[in-house]
file coords_6.cif (mmCIF, C-alpha atoms)
data_my_file
#
loop_
_atom_site.group_PDB
_atom_site.id
_atom_site.type_symbol
_atom_site.label_atom_id
_atom_site.label_comp_id
_atom_site.auth_asym_id
_atom_site.auth_seq_id
_atom_site.Cartn_x
_atom_site.Cartn_y
_atom_site.Cartn_z
ATOM 1 C CA MET A 1 74.457 113.933 107.674
ATOM 2 C CA PRO A 2 71.917 111.289 108.753
ATOM 3 C CA LEU A 3 70.607 108.770 106.243
ATOM 4 C CA ARG A 4 66.899 109.342 105.818
ATOM 5 C CA ILE A 5 64.788 106.189 105.513
ATOM 6 C CA LEU A 6 61.130 106.406 104.519
ATOM 7 C CA VAL A 7 59.250 103.449 106.036
ATOM 8 C CA VAL A 8 56.039 102.766 104.103
ATOM 9 C CA GLU A 9 53.799 100.296 105.948
ATOM 10 C CA ASP A 10 50.058 100.443 106.612
ATOM 11 C CA HIS A 11 50.093 98.161 109.686
ATOM 12 C CA ALA A 12 50.988 100.636 112.435
ATOM 13 C CA PRO A 13 52.387 98.190 115.050
ATOM 14 C CA PHE A 14 54.756 96.613 112.508
ATOM 15 C CA ARG A 15 55.753 100.032 111.155
ATOM 16 C CA HIS A 16 56.597 101.242 114.668
ATOM 17 C CA LEU A 17 58.579 98.069 115.325
ATOM 18 C CA ILE A 18 60.645 98.597 112.181
ATOM 19 C CA CYS A 19 61.276 102.256 112.987
ATOM 20 C CA ALA A 20 62.352 101.365 116.517
ATOM 21 C CA ALA A 21 64.869 98.870 115.129
ATOM 22 C CA LEU A 22 66.253 101.446 112.699
ATOM 23 C CA GLN A 23 66.533 104.152 115.350
ATOM 24 C CA ARG A 24 69.066 102.046 117.215
ATOM 25 C CA ARG A 25 71.501 103.103 114.496
ATOM 26 C CA ALA A 26 72.566 106.688 115.155
ATOM 27 C CA GLU A 27 73.087 107.430 111.449
ATOM 28 C CA PHE A 28 69.479 106.552 110.526
ATOM 29 C CA GLN A 29 66.641 109.058 110.559
ATOM 30 C CA THR A 30 63.212 107.475 110.007
ATOM 31 C CA ILE A 31 60.175 108.925 108.280
ATOM 32 C CA GLU A 32 56.807 107.123 108.280
ATOM 33 C CA ALA A 33 54.068 106.769 105.691
ATOM 34 C CA ALA A 34 50.905 104.696 106.147
ATOM 35 C CA ASP A 35 49.712 104.366 102.542
ATOM 36 C CA GLY A 36 50.973 104.544 98.974
ATOM 37 C CA LEU A 37 49.713 108.040 98.243
ATOM 38 C CA GLU A 38 51.386 109.430 101.349
ATOM 39 C CA ALA A 39 54.564 107.591 100.336
ATOM 40 C CA VAL A 40 54.900 109.322 96.950
ATOM 41 C CA GLN A 41 54.078 112.702 98.486
ATOM 42 C CA MET A 42 56.705 112.336 101.212
ATOM 43 C CA ALA A 43 59.282 110.894 98.826
ATOM 44 C CA GLU A 44 59.016 113.949 96.604
ATOM 45 C CA LYS A 45 58.998 116.424 99.486
ATOM 46 C CA LEU A 46 61.691 114.910 101.734
ATOM 47 C CA GLN A 47 63.996 113.162 99.220
ATOM 48 C CA PRO A 48 64.910 110.163 101.419
ATOM 49 C CA ASP A 49 68.075 108.150 100.867
ATOM 50 C CA LEU A 50 66.203 104.838 101.058
ATOM 51 C CA ILE A 51 62.555 103.807 100.860
ATOM 52 C CA LEU A 52 61.455 100.666 102.699
ATOM 53 C CA LEU A 53 58.250 99.783 100.865
ATOM 54 C CA ASP A 54 55.412 97.362 101.517
ATOM 55 C CA LEU A 55 53.392 95.966 98.596
ATOM 56 C CA ASN A 56 49.733 95.772 99.540
ATOM 57 C CA LEU A 57 49.140 99.366 100.565
ATOM 58 C CA PRO A 58 45.920 101.370 100.731
ATOM 59 C CA LYS A 59 45.324 104.153 98.176
ATOM 60 C CA MET A 60 48.226 103.084 95.937
ATOM 61 C CA HIS A 61 49.856 99.676 95.500
ATOM 62 C CA GLY A 62 53.558 99.370 96.219
ATOM 63 C CA PHE A 63 54.336 98.623 92.569
ATOM 64 C CA GLU A 64 52.648 101.863 91.520
ATOM 65 C CA VAL A 65 54.678 103.736 94.131
ATOM 66 C CA ALA A 66 57.876 102.156 92.797
ATOM 67 C CA LYS A 67 57.100 103.299 89.257
ATOM 68 C CA GLN A 68 56.981 106.931 90.405
ATOM 69 C CA ILE A 69 60.087 106.968 92.601
ATOM 70 C CA PRO A 70 62.705 107.483 89.819
ATOM 71 C CA ARG A 71 60.906 110.657 88.789
ATOM 72 C CA LEU A 72 60.030 111.994 92.250
ATOM 73 C CA ALA A 73 63.102 110.986 94.272
ATOM 74 C CA PRO A 74 65.750 109.946 91.742
ATOM 75 C CA HIS A 75 68.566 109.393 94.245
ATOM 76 C CA ALA A 76 66.525 107.193 96.618
ATOM 77 C CA ARG A 77 67.275 103.471 96.819
ATOM 78 C CA LEU A 78 64.260 101.185 97.005
ATOM 79 C CA LEU A 79 63.943 98.113 99.230
ATOM 80 C CA PHE A 80 60.674 96.157 99.299
ATOM 81 C CA MET A 81 59.571 94.421 102.486
ATOM 82 C CA SER A 82 56.475 92.284 102.162
ATOM 83 C CA GLN A 83 54.870 89.041 103.297
ATOM 84 C CA GLU A 84 54.448 88.102 99.613
ATOM 85 C CA SER A 85 56.842 85.281 98.697
ATOM 86 C CA SER A 86 55.977 84.423 95.093
ATOM 87 C CA PRO A 87 59.089 84.410 92.841
ATOM 88 C CA ASP A 88 57.051 86.265 90.213
ATOM 89 C CA ILE A 89 56.265 89.015 92.729
ATOM 90 C CA VAL A 90 59.922 89.312 93.726
ATOM 91 C CA ARG A 91 61.003 89.396 90.088
ATOM 92 C CA LYS A 92 58.433 92.091 89.322
ATOM 93 C CA ALA A 93 59.630 94.180 92.278
ATOM 94 C CA LEU A 94 63.235 94.008 91.125
ATOM 95 C CA SER A 95 62.278 94.776 87.534
ATOM 96 C CA LEU A 96 60.773 98.064 88.740
ATOM 97 C CA GLY A 97 64.167 99.239 89.967
ATOM 98 C CA ALA A 98 64.106 97.909 93.525
ATOM 99 C CA HIS A 99 67.530 97.139 94.951
ATOM 100 C CA GLY A 100 66.259 94.381 97.218
ATOM 101 C CA TYR A 101 63.368 92.420 98.674
ATOM 102 C CA ILE A 102 62.953 91.355 102.310
ATOM 103 C CA GLN A 103 60.320 88.844 103.368
ATOM 104 C CA LYS A 104 58.603 90.123 106.499
ATOM 105 C CA ILE A 105 59.015 86.865 108.406
ATOM 106 C CA SER A 106 62.784 87.362 108.004
ATOM 107 C CA ALA A 107 62.803 91.017 109.025
ATOM 108 C CA ALA A 108 64.440 90.326 112.403
ATOM 109 C CA THR A 109 67.567 88.949 110.731
ATOM 110 C CA ASP A 110 67.453 90.610 107.298
ATOM 111 C CA LEU A 111 66.403 94.221 107.928
ATOM 112 C CA LEU A 112 69.750 95.809 108.812
ATOM 113 C CA PRO A 113 71.909 93.597 106.541
ATOM 114 C CA GLY A 114 69.490 94.278 103.692
ATOM 115 C CA ILE A 115 69.638 98.038 104.220
ATOM 116 C CA ASP A 116 73.432 98.014 104.475
ATOM 117 C CA ALA A 117 73.709 95.981 101.258
ATOM 118 C CA VAL A 118 71.336 98.212 99.315
ATOM 119 C CA LEU A 119 73.029 101.414 100.508
ATOM 120 C CA ALA A 120 76.334 99.921 99.346
ATOM 121 C CA GLY A 121 74.916 99.419 95.864
ATOM 122 C CA GLN A 122 74.369 95.670 96.186
ATOM 123 C CA ARG A 123 71.242 93.598 95.634
ATOM 124 C CA PHE A 124 69.667 91.856 98.646
ATOM 125 C CA VAL A 125 66.948 89.183 98.610
ATOM 126 C CA SER A 126 65.925 87.248 101.734
ATOM 127 C CA ARG A 127 67.221 83.689 101.722
ATOM 128 C CA SER A 128 63.831 82.533 102.979
ATOM 129 C CA LEU A 129 62.445 83.294 99.537
ATOM 130 C CA ALA A 130 62.530 80.565 96.893
ATOM 131 C CA PHE A 131 63.825 83.053 94.366
ATOM 132 C CA THR A 132 66.559 82.329 91.857
ATOM 133 C CA GLU A 133 67.369 84.213 88.700
ATOM 134 C CA PRO A 134 68.253 82.348 85.510
ATOM 135 C CA ALA A 135 71.909 81.367 85.443
ATOM 136 C CA ASP A 136 72.469 83.431 82.333
ATOM 137 C CA ALA A 137 70.597 86.493 83.610
ATOM 138 C CA PRO A 138 72.801 89.589 83.304
ATOM 139 C CA ALA A 139 73.602 91.613 86.397
ATOM 140 C CA PRO A 140 71.405 94.710 86.744
ATOM 141 C CA ARG A 141 72.581 97.660 84.664
ATOM 142 C CA ARG A 142 74.256 100.430 86.676
ATOM 143 C CA HIS A 143 74.069 104.057 85.559
ATOM 144 C CA GLU A 144 75.359 105.996 88.529
ATOM 145 C CA ILE A 145 75.971 109.668 89.150
ATOM 146 C CA LEU A 146 78.747 110.774 91.516
ATOM 147 C CA PHE A 147 78.818 114.364 92.742
ATOM 148 C CA CYS A 148 82.428 115.347 93.325
ATOM 149 C CA SER A 149 83.568 118.131 95.621
ATOM 150 C CA ASP A 150 86.957 118.477 93.926
ATOM 151 C CA ASP A 151 89.326 116.964 91.360
ATOM 152 C CA ALA A 152 90.599 114.402 93.866
ATOM 153 C CA ALA A 153 87.068 112.997 94.261
ATOM 154 C CA ILE A 154 86.776 112.543 90.491
ATOM 155 C CA ILE A 155 90.114 110.718 90.325
ATOM 156 C CA ASP A 156 89.199 108.532 93.303
ATOM 157 C CA GLY A 157 85.771 107.613 91.894
ATOM 158 C CA PHE A 158 87.135 106.772 88.454
ATOM 159 C CA THR A 159 90.050 104.815 89.910
ATOM 160 C CA ARG A 160 87.784 102.563 91.975
ATOM 161 C CA PHE A 161 85.401 102.064 89.046
ATOM 162 C CA ILE A 162 88.096 101.172 86.514
ATOM 163 C CA ALA A 163 90.113 99.068 88.965
ATOM 164 C CA ALA A 164 87.066 96.946 89.861
ATOM 165 C CA ALA A 165 86.374 96.267 86.178
ATOM 166 C CA LEU A 166 89.944 95.371 85.226
ATOM 167 C CA HIS A 167 90.477 93.201 88.310
ATOM 168 C CA ALA A 168 87.373 91.250 87.230
ATOM 169 C CA ALA A 169 88.851 90.781 83.716
ATOM 170 C CA ASP A 170 86.200 93.111 82.302
ATOM 171 C CA ALA A 171 86.841 96.174 80.111
ATOM 172 C CA ALA A 172 86.836 99.900 80.803
ATOM 173 C CA ILE A 173 86.487 103.208 78.977
ATOM 174 C CA ALA A 174 87.113 106.616 80.543
ATOM 175 C CA LEU A 175 86.022 109.960 79.143
ATOM 176 C CA VAL A 176 88.287 112.341 81.106
ATOM 177 C CA THR A 177 89.810 115.766 80.657
ATOM 178 C CA GLU A 178 93.495 116.018 79.793
ATOM 179 C CA SER A 179 94.152 117.513 83.242
ATOM 180 C CA HIS A 180 92.716 114.392 84.918
ATOM 181 C CA ARG A 181 94.198 111.794 82.591
ATOM 182 C CA THR A 182 97.723 111.736 84.064
ATOM 183 C CA PRO A 183 96.703 111.699 87.757
ATOM 184 C CA LEU A 184 94.152 108.965 86.989
ATOM 185 C CA LEU A 185 96.787 106.763 85.376
ATOM 186 C CA GLN A 186 99.204 107.462 88.237
ATOM 187 C CA GLU A 187 96.630 106.504 90.859
ATOM 188 C CA LEU A 188 95.707 103.290 89.038
ATOM 189 C CA ARG A 189 99.386 102.333 88.885
ATOM 190 C CA ARG A 190 99.857 103.226 92.561
ATOM 191 C CA GLN A 191 97.028 100.849 93.473
ATOM 192 C CA GLY A 192 98.625 98.000 91.550
ATOM 193 C CA VAL A 193 96.334 98.068 88.508
ATOM 194 C CA ASP A 194 98.084 97.025 85.287
ATOM 195 C CA ILE A 195 96.595 99.955 83.441
ATOM 196 C CA ASP A 196 99.422 100.183 80.908
ATOM 197 C CA GLY A 197 98.960 96.512 80.030
ATOM 198 C CA ALA A 198 95.193 96.997 79.751
ATOM 199 C CA ILE A 199 95.659 99.917 77.357
ATOM 200 C CA GLU A 200 98.150 97.903 75.300
ATOM 201 C CA ARG A 201 95.783 94.896 75.140
ATOM 202 C CA GLY A 202 92.878 97.133 74.190
ATOM 203 C CA THR A 203 90.748 96.391 77.252
ATOM 204 C CA CYS A 204 90.930 100.013 78.437
ATOM 205 C CA LEU A 205 90.539 103.177 76.381
ATOM 206 C CA LEU A 206 90.782 106.826 77.441
ATOM 207 C CA PHE A 207 89.099 109.653 75.525
ATOM 208 C CA ASP A 208 89.156 113.432 75.946
ATOM 209 C CA ALA A 209 86.052 114.673 77.792
ATOM 210 C CA ASP A 210 86.337 118.075 76.114
ATOM 211 C CA VAL A 211 85.613 116.499 72.710
ATOM 212 C CA ALA A 212 82.035 115.472 71.908
ATOM 213 C CA PRO A 213 81.984 111.697 71.327
ATOM 214 C CA ASP A 214 80.803 110.484 67.954
ATOM 215 C CA PRO A 215 78.026 107.921 68.673
ATOM 216 C CA VAL A 216 79.189 105.496 65.967
ATOM 217 C CA ARG A 217 82.836 105.577 67.065
ATOM 218 C CA PHE A 218 81.747 105.372 70.690
ATOM 219 C CA LEU A 219 79.805 102.147 70.060
ATOM 220 C CA GLU A 220 82.727 100.767 68.074
ATOM 221 C CA ALA A 221 85.000 101.491 71.039
ATOM 222 C CA ILE A 222 82.665 99.633 73.409
ATOM 223 C CA ASN A 223 82.558 96.628 71.115
ATOM 224 C CA GLY A 224 86.328 96.778 70.749
ATOM 225 C CA VAL A 225 87.179 96.690 74.456
ATOM 226 C CA ARG A 226 84.542 94.006 74.993
ATOM 227 C CA ALA A 227 86.120 91.835 72.308
ATOM 228 C CA ALA A 228 89.602 92.371 73.766
ATOM 229 C CA ALA A 229 88.625 91.211 77.262
ATOM 230 C CA ALA A 230 89.967 87.760 78.114
ATOM 231 C CA LYS A 231 86.753 86.183 79.392
ATOM 232 C CA ALA A 232 83.355 85.117 78.147
ATOM 233 C CA HIS A 233 80.581 87.735 78.334
ATOM 234 C CA PRO A 234 82.664 90.599 79.788
ATOM 235 C CA ARG A 235 81.005 93.751 81.043
ATOM 236 C CA VAL A 236 82.202 97.226 80.110
ATOM 237 C CA ALA A 237 82.728 99.915 82.753
ATOM 238 C CA PHE A 238 82.339 103.391 81.273
ATOM 239 C CA CYS A 239 83.113 106.458 83.380
ATOM 240 C CA GLY A 240 83.016 110.027 82.170
ATOM 241 C CA GLU A 241 82.900 113.651 83.205
ATOM 242 C CA ARG A 242 81.704 115.308 79.993
ATOM 243 C CA ALA A 243 78.003 115.382 80.956
ATOM 244 C CA GLY A 244 78.876 116.898 84.324
ATOM 245 C CA ARG A 245 80.997 119.579 82.698
ATOM 246 C CA LEU A 246 78.196 120.366 80.247
ATOM 247 C CA TRP A 247 75.722 120.748 83.095
ATOM 248 C CA ALA A 248 78.113 122.921 85.109
ATOM 249 C CA ALA A 249 78.474 125.172 82.056
ATOM 250 C CA GLY A 250 74.691 125.606 81.859
ATOM 251 C CA ARG A 251 74.322 123.315 78.822
ATOM 252 C CA THR A 252 71.652 121.188 80.482
ATOM 253 C CA ALA A 253 69.956 119.986 77.282
ATOM 254 C CA GLU A 254 73.250 118.648 75.941
ATOM 255 C CA ALA A 255 73.996 116.958 79.266
ATOM 256 C CA VAL A 256 70.594 115.259 79.296
ATOM 257 C CA GLN A 257 71.031 114.182 75.670
ATOM 258 C CA LEU A 258 74.385 112.584 76.498
ATOM 259 C CA GLU A 259 72.947 110.835 79.563
ATOM 260 C CA GLN A 260 70.083 109.474 77.472
ATOM 261 C CA LEU A 261 72.568 108.172 74.918
ATOM 262 C CA CYS A 262 74.362 106.368 77.745
ATOM 263 C CA SER A 263 71.069 104.928 79.008
ATOM 264 C CA GLU A 264 70.477 103.367 75.597
ATOM 265 C CA LEU A 265 73.721 101.383 75.686
ATOM 266 C CA ALA A 266 73.726 97.601 76.051
ATOM 267 C CA HIS A 267 72.767 95.998 79.355
ATOM 268 C CA ASP A 268 76.376 94.915 79.948
ATOM 269 C CA VAL A 269 77.712 98.492 80.054
ATOM 270 C CA ASP A 270 77.936 99.974 83.569
ATOM 271 C CA ILE A 271 78.239 103.763 83.724
ATOM 272 C CA LEU A 272 79.624 106.223 86.270
ATOM 273 C CA CYS A 273 79.068 109.931 85.594
ATOM 274 C CA ALA A 274 81.068 112.491 87.578
ATOM 275 C CA TYR A 275 79.485 115.887 88.188
ATOM 276 C CA PRO A 276 81.662 118.628 89.726
ATOM 277 C CA VAL A 277 78.906 120.013 91.918
ATOM 278 C CA PRO A 278 77.098 118.954 95.095
ATOM 279 C CA TYR A 279 73.545 117.725 94.732
ATOM 280 C CA THR A 280 70.823 120.236 95.661
ATOM 281 C CA ASN A 281 67.183 119.200 95.845
ATOM 282 C CA ASP A 282 66.062 122.696 94.833
ATOM 283 C CA ASP A 283 67.578 122.547 91.367
ATOM 284 C CA GLN A 284 64.959 121.245 88.924
ATOM 285 C CA ALA A 285 67.470 120.874 86.102
ATOM 286 C CA LEU A 286 69.722 118.695 88.224
ATOM 287 C CA THR A 287 66.764 116.635 89.406
ATOM 288 C CA ARG A 288 66.026 116.007 85.731
ATOM 289 C CA ILE A 289 69.615 114.831 85.295
ATOM 290 C CA CYS A 290 69.378 112.512 88.306
ATOM 291 C CA ALA A 291 66.278 110.902 86.849
ATOM 292 C CA GLU A 292 68.463 109.418 84.105
ATOM 293 C CA HIS A 293 70.485 107.445 86.664
ATOM 294 C CA THR A 294 69.940 104.342 88.791
ATOM 295 C CA SER A 295 71.699 105.766 91.859
ATOM 296 C CA VAL A 296 73.128 109.005 93.199
ATOM 297 C CA SER A 297 76.105 109.432 95.551
ATOM 298 C CA ALA A 298 78.629 112.069 96.591
ATOM 299 C CA GLY A 299 82.382 111.984 96.916
#
call {"tool": "encode", "arguments": {"input": "coords_6.cif", "output": "structure tokens"}}
result
Amino acid sequence: MPLRILVVEDHAPFRHLICAALQRRAEFQTIEAADGLEAVQMAEKLQPDLILLDLNLPKMHGFEVAKQIPRLAPHARLLFMSQESSPDIVRKALSLGAHGYIQKISAATDLLPGIDAVLAGQRFVSRSLAFTEPADAPAPRRHEILFCSDDAAIIDGFTRFIAAALHAADAAIALVTESHRTPLLQELRRQGVDIDGAIERGTCLLFDADVAPDPVRFLEAINGVRAAAAKAHPRVAFCGERAGRLWAAGRTAEAVQLEQLCSELAHDVDILCAYPVPYTNDDQALTRICAEHTSVSAG
């Protein structure tokens, strides 16, 4: 399926130039909006994969548009593109959930690399901008939802998530069903991850997804794996399938409650939630679930 990109820019010649550049990529389908109000309306109606957003828009400022996107189009990634270069402006844009910021004078070189980076889940900021984050600033919190077509997709998603954390000397926790536990461990071993050593050292814990986690014990487990990690300021990668199973069983309120509990965890806990269903824009309950996450993908 094509990747739908909503281009929000009030200056028509520049908007057409950007769309023409994007249309050279066969996988991109462009949608245009000329003001902020039109942007939020089209975002809600068309559910784009990425929104390329200007700041100084008629009818609604870009920052106001950004504030509404998580509710209206929860799986859309947001990339600002503006002539504004103030570090405070860039910082504000990123604080609103944007995945990147391109300065317009750098669009010729930064547009496609910026889009590719953002779609891959990375942050992109034009080098032409005098923007630096504090050295001790934590990486942005990730709370991702992965829609899985089958059991193999769940195993693959969890394997990549846990492997990345352990290879970086961080910690990991998995909330998996008993039927997925063994194949997950086998796949981690097959990919060269020292999962048995991590479990023995206490940097990786596995819990049963069919058992409701006790919040106190859950927080103790997070603190425990964090303390066991052999580096300063480790992050914790938490992946689970309980919320997805609750939703699939029609227990939406419980699924939302669990997702909200996850959202309240510390900034150094990255979360991957597996849902055993494909995403459908027509399902209001699932849209509510997606709103609890920073990104949406399918496996």
call {"tool": "residues_around", "arguments": {"input": "coords_6.cif", "residues": "Ala243 (chain A)", "least_positions_apart": "2", "cutoff": "7 Å", "atoms": "only C-alpha atoms", "output": "short mmCIF file (atom, residue, chain, number, x, y, z; two decimals) with C-alpha atoms, in the coordinates of the input"}}
result
data_model
loop_
_atom_site.label_atom_id
_atom_site.label_comp_id
_atom_site.auth_asym_id
_atom_site.auth_seq_id
_atom_site.Cartn_x
_atom_site.Cartn_y
_atom_site.Cartn_z
CA GLU A 241 82.90 113.65 83.20
CA ARG A 245 81.00 119.58 82.70
CA LEU A 246 78.20 120.37 80.25
CA TRP A 247 75.72 120.75 83.10
CA ALA A 255 74.00 116.96 79.27
CA LEU A 258 74.39 112.58 76.50
CA GLU A 259 72.95 110.84 79.56
#
call {"tool": "closest_residue", "arguments": {"input": "coords_6.cif", "among": "A:Arg235, A:Arg190, A:Asp150, A:Gly197", "to": "Ala274 (chain A)", "atoms": "all atoms listed in the file"}}
result
A:Asp150
call {"tool": "resolve_selection", "arguments": {"input": "coords_6.cif", "expression": "the PyMOL selection byres ((chain A and resi 226-228) around 8)", "output": "PyMOL selection string"}}
result
chain A and resi 170-171+201-203+222-225+229-230+234-236
call {"tool": "atom_distance", "arguments": {"input": "coords_6.cif", "atom1": "CA of Ile69 (chain A)", "atom2": "CA of Asp270 (chain A)"}}
result
21.2 Å
call {"tool": "atom_distance", "arguments": {"input": "coords_6.cif", "atom1": "CA of Leu3 (chain A)", "atom2": "CA of Asp54 (chain A)"}}
result
19.6 Å
call {"tool": "resolve_selection", "arguments": {"input": "coords_6.cif", "expression": "the PyMOL selection byres ((chain A and resi 51) around 6)", "output": "number ranges by chain"}}
result
A: 5-6, 50, 52-53, 78
call {"tool": "build_atoms", "arguments": {"input": "coords_6.cif", "residues": "region 162-190 of chain A", "atoms": "N, CA and C atoms", "output": "compact mmCIF listing (two decimals), keeping the file's coordinate frame"}}
result
# COMPACT_ATOMS: atom_id res chain seq x y z
N ILE A 162 87.28 101.85 87.52
CA ILE A 162 88.10 101.17 86.51
C ILE A 162 88.82 99.98 87.11
N ALA A 163 89.37 100.16 88.32
CA ALA A 163 90.11 99.07 88.96
C ALA A 163 89.22 97.85 89.18
N ALA A 164 87.98 98.07 89.63
CA ALA A 164 87.07 96.95 89.86
C ALA A 164 86.80 96.18 88.57
N ALA A 165 86.64 96.92 87.46
CA ALA A 165 86.37 96.27 86.18
C ALA A 165 87.58 95.46 85.70
N LEU A 166 88.76 96.06 85.75
CA LEU A 166 89.94 95.37 85.23
C LEU A 166 90.35 94.19 86.11
N HIS A 167 90.17 94.32 87.43
CA HIS A 167 90.48 93.20 88.31
C HIS A 167 89.54 92.02 88.05
N ALA A 168 88.34 92.31 87.54
CA ALA A 168 87.37 91.25 87.23
C ALA A 168 87.52 90.75 85.79
N ALA A 169 88.59 91.16 85.11
CA ALA A 169 88.85 90.78 83.72
C ALA A 169 87.79 91.33 82.76
N ASP A 170 87.13 92.42 83.18
CA ASP A 170 86.20 93.11 82.30
C ASP A 170 86.95 94.22 81.56
N ALA A 171 86.23 95.10 80.89
CA ALA A 171 86.84 96.17 80.11
C ALA A 171 86.41 97.53 80.66
N ALA A 172 87.14 98.57 80.28
CA ALA A 172 86.84 99.90 80.80
C ALA A 172 87.12 100.97 79.76
N ILE A 173 86.30 102.02 79.81
CA ILE A 173 86.49 103.21 78.98
C ILE A 173 86.32 104.43 79.87
N ALA A 174 87.21 105.39 79.75
CA ALA A 174 87.11 106.62 80.54
C ALA A 174 87.08 107.82 79.62
N LEU A 175 86.14 108.70 79.87
CA LEU A 175 86.02 109.96 79.14
C LEU A 175 86.44 111.06 80.12
N VAL A 176 87.73 111.42 80.11
CA VAL A 176 88.29 112.34 81.11
C VAL A 176 88.96 113.52 80.43
N THR A 177 89.09 114.61 81.17
CA THR A 177 89.81 115.77 80.66
C THR A 177 91.31 115.47 80.65
N GLU A 178 92.05 116.21 79.85
CA GLU A 178 93.50 116.02 79.79
C GLU A 178 94.13 116.27 81.16
N SER A 179 93.58 117.21 81.93
CA SER A 179 94.15 117.51 83.24
C SER A 179 93.96 116.37 84.24
N HIS A 180 92.97 115.52 84.01
CA HIS A 180 92.72 114.39 84.92
C HIS A 180 93.33 113.08 84.42
N ARG A 181 93.70 113.05 83.17
CA ARG A 181 94.20 111.79 82.59
C ARG A 181 95.45 111.29 83.31
N THR A 182 96.46 112.16 83.44
CA THR A 182 97.72 111.74 84.06
C THR A 182 97.55 111.33 85.52
N PRO A 183 96.88 112.14 86.36
CA PRO A 183 96.70 111.70 87.76
C PRO A 183 95.87 110.42 87.89
N LEU A 184 94.94 110.20 86.95
CA LEU A 184 94.15 108.96 86.99
C LEU A 184 95.04 107.77 86.71
N LEU A 185 95.88 107.86 85.70
CA LEU A 185 96.79 106.76 85.38
C LEU A 185 97.77 106.52 86.53
N GLN A 186 98.26 107.60 87.12
CA GLN A 186 99.20 107.46 88.24
C GLN A 186 98.55 106.76 89.43
N GLU A 187 97.31 107.11 89.72
CA GLU A 187 96.63 106.50 90.86
C GLU A 187 96.32 105.03 90.60
N LEU A 188 95.95 104.69 89.38
CA LEU A 188 95.71 103.29 89.04
C LEU A 188 96.99 102.48 89.19
N ARG A 189 98.11 103.04 88.72
CA ARG A 189 99.39 102.33 88.88
C ARG A 189 99.74 102.20 90.36
N ARG A 190 99.51 103.25 91.13
CA ARG A 190 99.86 103.23 92.56
C ARG A 190 99.08 102.14 93.29
